[in-house]
Amino acid sequence: MAVWIIRFRGAFPGGYVQNIIFREELNVKKISKWTSLLLAAVMLLAILAGCSSSTDGSNSGSANAGTPAGPSSGAEVKDTLRVAMTSEPPSLSIYDHSSLLSVLMNVQMYNGLTRIDYTTLEPVCDLAESCTVENEVEWTFVLHQGVKFHNGEEMTSADVVASLEYAKSLPAATLYTASMEKIEALDSYTVKITTTEPYAGLLYDLAYYYNFIVPKSLIDQGNDFNANPVGTGPYKLKEWNYGNSITLERHDGYFQADHAAKIPTVIFSIVPEGTSRTIALKAGDVDFVWEVNSADVASLQDSSNVTVAEVPSVEAVILFFNNDKAPFDDANLRNAIAAAINREDIIAAALNGYGTVNYSCIAQGFVESTDTNAIAYDLEAAKAYLAAWGGDPASVELKIICSNETRVAIGTVIQSNLAQLGIPVDVVSMDTAAALNAWKTGDFIATMGSWSPSNALSYAQRFHSDRRQTYAGAINSPELDQLVNRAKGTLDSKERAALIDQIVGTVNSLSPQVTLYQSTWYRAYDEKLDGVLCSATGYVDFCDVYWK
């Protein structure tokens, strides 16, 4: 059993220099031989890289050079930031969605024990102030004391235990909670987490939105966190005007002073049509376009009063099959479709050239990224796979759910590609909420989605068969399950990378999903804004944004 001890203490005035000092203190701490291996393999670029960084507000990945401290003295300070979104988040809760838009809202309003650093994509402390390794399996986290929820309650160990136990009760959260066998409050500011075995991904899991911390009192009351999202984050919900906008207001007294919201109010407006978002930004009706339509990138780059951030991402845009439904339960048919889709056509026709070809089931950009057994575009190979399947291609009812205008355009390209195999394709347009519900209930044949975790292990774990109810790319394969379980418990980074290569190679050979491309994100905003930090995983901490 692995034991994690979480301890709450007084506020930490940290800064970058203190981060370095603390890293060195942990590096030289004399612990057992096994712990040294654990420390090197799991934490060297995670807790040791930033566990005492919780007050510096340095979620990096900036579109700018450096991290500005805030507006200069004497500057006119606006009190509102208006952000144009592509569609409405299906939920503001942390418990009932798999939506990038919802997570974007979640990170404004909640915190976890750890968070993902936007530059390194490694876990660092958030509600935790520091972490010390006690022995080969026991960790002590010293956390901020005096942290306040939006409802004014102080966060204590009871809230941490209740939040994590509640997350454990949710089937959809299994991947991110299953390692935590026992969670105990030792006193008001100390929590002990006992894991079933050494687990390389725990710190990433604690940064995942299911494991964000909420008040125990509200859990006990059966609070609807979609209607009443109460966390510890720099912003809190002011108003949700369904179908139109979501307004967040500053959480005064936020525990990280340097990371507190610079702009008091953020209004997220729902503007589905890309050109309309662009026109609104140029006209000054909105200040920030979270997702720029690829057709408008060049014109916005030419606008003198607009800044366009180009963000290489770890997001893979994917065609998911329902692998439990015939005929898509046959790998040869799936491989035929994978080989027949021309990703270059997709990028040219649907994305105006803004994207990167990727044939592998894992995003490129991680240390462990690999294209082992990846099926590239090859029409003759596609025909051979189709022959091996042996069915009538005209009998295949491939209905692809697409949740926005870009994905509809992609679906149209796929429709043209697969016509060469005689496979008919029906492009079905749905809004985000309906598409996610179809995914959730299994009421789909194929759906287009995306996946942008911060690490390769999370990619690998999603293919385990126990994820088939929550992740469309999962597949029933005992071989894969065994490999995933071994990777989860392997603390040596080189050994784990080798296992991930096997997992990815196996998935690529079975095509339970077809990666279409890797996104390049474009965030456009008023040139008078600064402090815009764009993550490769897709998120922006709007609390760091300010008017120059």
# chains A, B, ... in the order shown; residues from 1 in each chain; ligands from 1
$ select_by_dssp --residues "segment 261-356 of chain A" --states "strand (DSSP E or B)" --output "PyMOL selection string"
chain A and resi 265-270+288-289+306-321+356
$ select_by_dssp --residues "segment 239-480 of chain A" --states "helix (DSSP H, G or I)" --output "ChimeraX atom specification"
/A:257-259,274-283,294-301,331-340,343-350,379-389,393-395,405-419,432-441,456-461,465-467,478-480
$ closest_residue --among "A:Leu436, A:Ala384, A:Ala536, A:Ala474" --to "Phe366 of chain A" --atoms "only C-alpha atoms"
A:Ala536
$ atom_distance --atom1 "atom CA of Pro229 of chain A" --atom2 "atom CA of Met109 of chain A"
7.6 Å
$ closest_residue --among "A:Cys361, A:Ala158, A:Leu418, A:Ala387" --to "Ile500 of chain A" --atoms "only C-alpha atoms"
A:Cys361
$ residues_around --residues "Ser429 of chain A" --least-positions-apart "5" --cutoff "7 Å" --atoms "only C-alpha atoms" --output "ChimeraX atom specification"
/A:401-403,408
$ write_last_selection --atoms "all heavy atoms" --output "mmCIF file, in the first residue's frame"
data_model
loop_
_atom_site.group_PDB
_atom_site.id
_atom_site.type_symbol
_atom_site.label_atom_id
_atom_site.label_comp_id
_atom_site.auth_asym_id
_atom_site.auth_seq_id
_atom_site.Cartn_x
_atom_site.Cartn_y
_atom_site.Cartn_z
ATOM 1 N N ILE A 401 -21.556 11.994 -35.650
ATOM 2 C CA ILE A 401 -22.070 13.146 -34.922
ATOM 3 C C ILE A 401 -20.996 14.234 -34.887
ATOM 4 O O ILE A 401 -19.848 13.974 -34.495
ATOM 5 C CB ILE A 401 -22.475 12.746 -33.490
ATOM 6 C CG1 ILE A 401 -23.648 11.764 -33.535
ATOM 7 C CG2 ILE A 401 -22.836 13.981 -32.669
ATOM 8 C CD1 ILE A 401 -24.019 11.196 -32.180
ATOM 9 N N CYS A 402 -21.355 15.456 -35.268
ATOM 10 C CA CYS A 402 -20.427 16.589 -35.299
ATOM 11 C C CYS A 402 -21.047 17.750 -34.522
ATOM 12 O O CYS A 402 -22.187 18.135 -34.796
ATOM 13 C CB CYS A 402 -20.142 17.019 -36.736
ATOM 14 S SG CYS A 402 -19.485 15.691 -37.780
ATOM 15 N N SER A 403 -20.293 18.331 -33.591
ATOM 16 C CA SER A 403 -20.875 19.296 -32.654
ATOM 17 C C SER A 403 -20.577 20.761 -32.965
ATOM 18 O O SER A 403 -20.979 21.637 -32.208
ATOM 19 C CB SER A 403 -20.407 18.982 -31.229
ATOM 20 O OG SER A 403 -19.001 19.053 -31.141
ATOM 21 N N VAL A 408 -18.381 19.585 -38.762
ATOM 22 C CA VAL A 408 -19.253 19.272 -39.899
ATOM 23 C C VAL A 408 -18.442 19.309 -41.197
ATOM 24 O O VAL A 408 -18.588 18.430 -42.059
ATOM 25 C CB VAL A 408 -20.434 20.261 -39.965
ATOM 26 C CG1 VAL A 408 -21.173 20.123 -41.294
ATOM 27 C CG2 VAL A 408 -21.397 20.016 -38.799
#
$ residues_around --residues "Leu421 of chain A" --least-positions-apart "4" --cutoff "8 Å" --atoms "only C-alpha atoms" --output "short mmCIF file (atom, residue, chain, number, x, y, z; two decimals) with all heavy atoms, in the first residue's frame"
data_model
loop_
_atom_site.label_atom_id
_atom_site.label_comp_id
_atom_site.auth_asym_id
_atom_site.auth_seq_id
_atom_site.Cartn_x
_atom_site.Cartn_y
_atom_site.Cartn_z
N ALA A 340 -8.41 4.97 -45.21
CA ALA A 340 -9.04 5.68 -46.33
C ALA A 340 -9.21 7.17 -46.07
O ALA A 340 -9.54 7.92 -47.00
CB ALA A 340 -10.40 5.05 -46.63
N ALA A 382 -6.43 0.32 -47.53
CA ALA A 382 -7.82 0.39 -47.08
C ALA A 382 -8.67 -0.65 -47.78
O ALA A 382 -9.50 -1.32 -47.15
CB ALA A 382 -8.37 1.80 -47.33
N LYS A 383 -8.46 -0.81 -49.08
CA LYS A 383 -9.22 -1.81 -49.83
C LYS A 383 -8.88 -3.22 -49.38
O LYS A 383 -9.76 -4.10 -49.32
CB LYS A 383 -8.95 -1.64 -51.32
CG LYS A 383 -9.50 -0.34 -51.91
CD LYS A 383 -9.11 -0.17 -53.37
CE LYS A 383 -9.66 1.15 -53.93
NZ LYS A 383 -9.24 1.37 -55.35
N PRO A 393 -19.65 -2.95 -48.26
CA PRO A 393 -19.44 -1.59 -47.77
C PRO A 393 -20.70 -0.73 -47.84
O PRO A 393 -20.89 0.16 -47.01
CB PRO A 393 -18.34 -1.04 -48.68
CG PRO A 393 -18.30 -1.94 -49.86
CD PRO A 393 -18.74 -3.28 -49.38
N ASN A 417 -13.96 10.97 -48.75
CA ASN A 417 -12.91 9.96 -48.71
C ASN A 417 -13.48 8.54 -48.74
O ASN A 417 -13.02 7.67 -49.50
CB ASN A 417 -12.05 10.11 -47.46
CG ASN A 417 -11.14 11.32 -47.48
OD1 ASN A 417 -10.67 11.76 -46.44
ND2 ASN A 417 -10.89 11.89 -48.65
#
$ closest_residue --among "A:His150, A:His97, A:Arg496, A:Arg115" --to "Lys440 of chain A" --atoms "only C-alpha atoms"
A:His97
$ closest_atom_pairs --of "segment 396-492 of chain A" --to "segment 183-197 of chain A" --cutoff "12 Å" --atoms "only C-alpha atoms" --output "JSON lines"
{"residue": "A:Asn485", "atom": "CA", "partner": "A:Glu197", "partner_atom": "CA", "distance": 11.1}
{"residue": "A:Arg486", "atom": "CA", "partner": "A:Glu197", "partner_atom": "CA", "distance": 11.3}
{"residue": "A:Lys488", "atom": "CA", "partner": "A:Glu197", "partner_atom": "CA", "distance": 9.6}
{"residue": "A:Gly489", "atom": "CA", "partner": "A:Glu197", "partner_atom": "CA", "distance": 7.1}
{"residue": "A:Thr490", "atom": "CA", "partner": "A:Glu197", "partner_atom": "CA", "distance": 10.2}
{"residue": "A:Leu491", "atom": "CA", "partner": "A:Glu197", "partner_atom": "CA", "distance": 10.9}
$ atom_distance --atom1 "atom CA of Leu516 of chain A" --atom2 "atom CA of Val357 of chain A"
7.1 Å
$ residues_around --residues "Tyr204 of chain A" --least-positions-apart "5" --cutoff "9 Å" --atoms "only C-alpha atoms" --output "number ranges by chain"
A: 46, 114-116, 122-124, 176, 454-455, 458
$ residues_around --residues "Ser98 of chain A" --least-positions-apart "2" --cutoff "12 Å" --atoms "only C-alpha atoms" --output "count of residues only"
35
$ closest_residue --among "A:Ala331, A:Ala162, A:Val428, A:Ala363" --to "Ile475 of chain A" --atoms "only C-alpha atoms"
A:Ala331
$ decode --residues "segment 258-270 of chain A" --atoms "all heavy atoms" --output "compact mmCIF listing (two decimals), in the first residue's frame"
# COMPACT_ATOMS: atom_id res chain seq x y z
N ASP A 258 -1.18 36.57 -5.74
CA ASP A 258 -0.64 36.90 -7.06
C ASP A 258 -1.43 36.27 -8.20
O ASP A 258 -1.25 36.64 -9.35
CB ASP A 258 0.83 36.45 -7.15
CG ASP A 258 1.74 37.27 -6.26
OD1 ASP A 258 1.31 38.34 -5.81
OD2 ASP A 258 2.87 36.82 -5.98
N HIS A 259 -2.28 35.32 -7.85
CA HIS A 259 -3.07 34.61 -8.86
C HIS A 259 -4.54 35.02 -8.78
O HIS A 259 -5.39 34.43 -9.43
CB HIS A 259 -2.92 33.11 -8.63
CG HIS A 259 -3.29 32.25 -9.80
ND1 HIS A 259 -2.87 32.50 -11.09
CD2 HIS A 259 -4.05 31.13 -9.88
CE1 HIS A 259 -3.35 31.56 -11.89
NE2 HIS A 259 -4.08 30.73 -11.19
N ALA A 260 -4.82 36.04 -7.96
CA ALA A 260 -6.20 36.51 -7.83
C ALA A 260 -6.63 37.19 -9.13
O ALA A 260 -5.82 37.69 -9.90
CB ALA A 260 -6.31 37.49 -6.66
N ALA A 261 -7.94 37.21 -9.36
CA ALA A 261 -8.48 37.77 -10.59
C ALA A 261 -8.12 39.25 -10.72
O ALA A 261 -8.37 40.04 -9.82
CB ALA A 261 -10.00 37.60 -10.61
N LYS A 262 -7.54 39.61 -11.85
CA LYS A 262 -7.17 41.01 -12.12
C LYS A 262 -8.36 41.82 -12.62
O LYS A 262 -8.47 43.01 -12.36
CB LYS A 262 -6.05 41.07 -13.16
CG LYS A 262 -4.87 40.13 -12.91
CD LYS A 262 -4.12 40.47 -11.64
CE LYS A 262 -2.87 39.61 -11.50
NZ LYS A 262 -3.13 38.16 -11.37
N ILE A 263 -9.26 41.16 -13.35
CA ILE A 263 -10.45 41.83 -13.90
C ILE A 263 -11.66 41.33 -13.11
O ILE A 263 -11.89 40.12 -13.03
CB ILE A 263 -10.61 41.53 -15.40
CG1 ILE A 263 -9.38 42.04 -16.17
CG2 ILE A 263 -11.89 42.16 -15.95
CD1 ILE A 263 -9.38 41.70 -17.65
N PRO A 264 -12.44 42.21 -12.52
CA PRO A 264 -13.52 41.79 -11.62
C PRO A 264 -14.59 40.90 -12.25
O PRO A 264 -15.11 40.01 -11.59
CB PRO A 264 -14.12 43.11 -11.15
CG PRO A 264 -13.03 44.11 -11.31
CD PRO A 264 -12.26 43.68 -12.51
N THR A 265 -14.92 41.13 -13.51
CA THR A 265 -16.03 40.41 -14.13
C THR A 265 -15.62 39.85 -15.48
O THR A 265 -14.98 40.55 -16.28
CB THR A 265 -17.23 41.35 -14.33
OG1 THR A 265 -17.62 41.91 -13.07
CG2 THR A 265 -18.42 40.60 -14.93
N VAL A 266 -15.97 38.58 -15.72
CA VAL A 266 -15.76 37.96 -17.03
C VAL A 266 -17.11 37.46 -17.54
O VAL A 266 -17.80 36.71 -16.83
CB VAL A 266 -14.76 36.79 -16.96
CG1 VAL A 266 -14.54 36.20 -18.35
CG2 VAL A 266 -13.44 37.24 -16.38
N ILE A 267 -17.47 37.88 -18.75
CA ILE A 267 -18.73 37.46 -19.36
C ILE A 267 -18.39 36.57 -20.56
O ILE A 267 -17.75 37.01 -21.51
CB ILE A 267 -19.57 38.66 -19.82
CG1 ILE A 267 -19.88 39.59 -18.64
CG2 ILE A 267 -20.85 38.19 -20.49
CD1 ILE A 267 -20.56 40.88 -19.06
N PHE A 268 -18.82 35.32 -20.50
CA PHE A 268 -18.64 34.37 -21.59
C PHE A 268 -19.91 34.35 -22.43
O PHE A 268 -20.96 33.89 -21.97
CB PHE A 268 -18.34 32.98 -21.04
CG PHE A 268 -17.06 32.88 -20.27
CD1 PHE A 268 -17.04 33.07 -18.90
CD2 PHE A 268 -15.86 32.61 -20.92
CE1 PHE A 268 -15.86 32.99 -18.17
CE2 PHE A 268 -14.67 32.52 -20.21
CZ PHE A 268 -14.67 32.72 -18.83
N SER A 269 -19.83 34.86 -23.64
CA SER A 269 -20.99 34.91 -24.53
C SER A 269 -20.94 33.75 -25.52
O SER A 269 -19.86 33.39 -26.01
CB SER A 269 -21.02 36.23 -25.31
OG SER A 269 -21.14 37.33 -24.41
N ILE A 270 -22.09 33.18 -25.80
CA ILE A 270 -22.18 32.04 -26.71
C ILE A 270 -22.38 32.55 -28.12
O ILE A 270 -23.43 33.12 -28.46
CB ILE A 270 -23.33 31.10 -26.31
CG1 ILE A 270 -23.33 30.84 -24.80
CG2 ILE A 270 -23.26 29.81 -27.10
CD1 ILE A 270 -22.03 30.35 -24.25
